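Here is the structure we will look at.
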Amino acid sequence: MGTVVFFIFAILAIAAAWGVVTSKNIMHSALYLALSFSGVAVLYVLMNADYLAGVQLLVYTGGIAIMVVFAVMLTLRGDVRESNPENRVWGWGALISTLMFIVLAVVILTNADWRILPTAWDNVGSAADISLLLLTKFMVPFEAAAVLLTVALVGAVILAKGVKVSK
Amino acid sequence: MNLSNLANLSVGLSTYLLVAAMLFCLGLYGIFAKRNMIAILMSMELMLNAVNINFVAFNRFLWNQKVDVHYILTGHVAALFVIIVAAAEVAVGLALVIAVYRNHKTTNVDELNWLKW
């Protein structure tokens, strides 16, 4: 059961990622991106990471993908069917990323330490333990992340809107 | 590489790592091959997702309860911080795209070469 669900959603996530990088229409790319994020969220559920799956759906599918769609609509020019072309050196990119994947696959498949089968689903949510970690061991990075988000959003508004010079 | 090991490959750690590697390399291809700035940002998000899968998979399969029962979810926290930084990064990145588009009326990275000498 878990194996079937895993392969369905892993193939969904990878096929959607393939659609992101090969689609000629950038709006389709953005929607494939949301699909890929959702597939990854199901993989998180299969890895006992229920809280992260929720965050993935809220932040990535609900936030980032929609923000990308807005940016696409704000910057669209010309024919939408030709809005996402490859550059002249895409063949080199394909070659390098294929070689990279081959190297990674060889490393993963030959490392005997990583051939681990899953233990049973432990049936306890991870949200309580994550909140405990975030408020004890990782408290300073947690607060720094809050400051980072605030500063980044203020900076994004200033960059996108522009600053009016006052006399 | 012993090919008989490939036959009994089940959904273990290496399968998750292979899925993550595939997503990562697709994102890498997108960064190399795309002309539109927003497409490059999208490919970057794919790569960050692949890294998150790796964090969660290692945490799922390699934690040892005997080590410290309170810190078994450190990989989840790392993935959470990656998500936070990715959200901040994509907000600033898209704002930059919009600012560049307002000034130069293009999002094609091949035309953004005015810093070249």
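Chain labels run A, B, ... following the order of the structure tokens; each chain numbers its residues from 1, and ligands are numbered from 1 in the order shown.
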So which bits of region 37-102 of chain A end up helix (DSSP H, G or I) when you DSSP the backbone, as a PyMOL selection string?
chain A and resi 37-46+50-74+80-82+90-102
Please find the residues of chain B near chain A - the criterion being any atom within 6 Å, counting only C-alpha atoms - and write them as a ChimeraX atom specification.
/B:1,12-14,25,29-30,32-36,88,91-92,95,98-99
Can you measure CA of Ala144 (chain A) to CA of Leu48 (chain B) for me? One decimal in Å is fine.
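Result for CA of Ala144 (chain A) versus CA of Leu48 (chain B): 19.9 Å, one decimal.
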Would you mind telling me which residue in B:Leu28, B:Val82, B:Ala39, B:Leu62 lies nearest to Asn25 (chain A) when using only C-alpha atoms?
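The answer is B:Ala39, which sits nearest to Asn25 (chain A).
Between CA of Ala79 (chain B) and CA of Asn52 (chain B) lies a distance of 5.1 Å.
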Counting only C-alpha atoms, which residue out of B:Leu26, B:Val11, B:Ile38, B:Leu115 sits closest to Val90 (chain B)?
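For Val90 (chain B), the nearest of the given residues is B:Ile38.
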List the neighbours of Ser43 (chain B) out to 7 Å using only C-alpha atoms; skip same-chain residues closer than 2 positions along the sequence, and give me the result as a PyMOL selection string.
chain B and resi 27-28+30-31+39-41+45-47
Could you save the residues just selected, with N, CA and C atoms, as a short mmCIF file (atom, residue, chain, number, x, y, z; two decimals), in the first residue's frame?
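Output saved as part_22.cif:
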```cif
data_model
loop_
_atom_site.label_atom_id
_atom_site.label_comp_id
_atom_site.auth_asym_id
_atom_site.auth_seq_id
_atom_site.Cartn_x
_atom_site.Cartn_y
_atom_site.Cartn_z
N GLY B 27 15.88 20.55 -11.63
CA GLY B 27 16.02 21.96 -11.29
C GLY B 27 17.31 22.54 -11.82
N LEU B 28 18.38 21.75 -11.75
CA LEU B 28 19.68 22.20 -12.27
C LEU B 28 19.59 22.46 -13.77
N GLY B 30 16.91 23.27 -15.39
CA GLY B 30 16.11 24.47 -15.60
C GLY B 30 16.93 25.73 -15.40
N ILE B 31 17.81 25.72 -14.38
CA ILE B 31 18.64 26.91 -14.15
C ILE B 31 19.59 27.14 -15.30
N ALA B 39 11.34 31.53 -14.59
CA ALA B 39 11.54 30.08 -14.74
C ALA B 39 12.77 29.64 -13.97
N ILE B 40 13.80 30.48 -13.93
CA ILE B 40 15.00 30.13 -13.16
C ILE B 40 14.68 30.09 -11.68
N LEU B 41 13.87 31.05 -11.20
CA LEU B 41 13.47 31.02 -9.79
C LEU B 41 12.67 29.75 -9.48
N GLU B 45 13.43 26.66 -6.78
CA GLU B 45 12.52 26.10 -5.77
C GLU B 45 12.50 24.57 -5.86
N LEU B 46 12.56 24.04 -7.09
CA LEU B 46 12.59 22.57 -7.23
C LEU B 46 13.82 22.00 -6.53
N MET B 47 14.97 22.67 -6.69
CA MET B 47 16.19 22.15 -6.07
C MET B 47 16.08 22.20 -4.55
#
```
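Our summary of the geometry notes that CA of Tyr32 (chain A) is positioned 26.9 Å from CA of Val77 (chain B).
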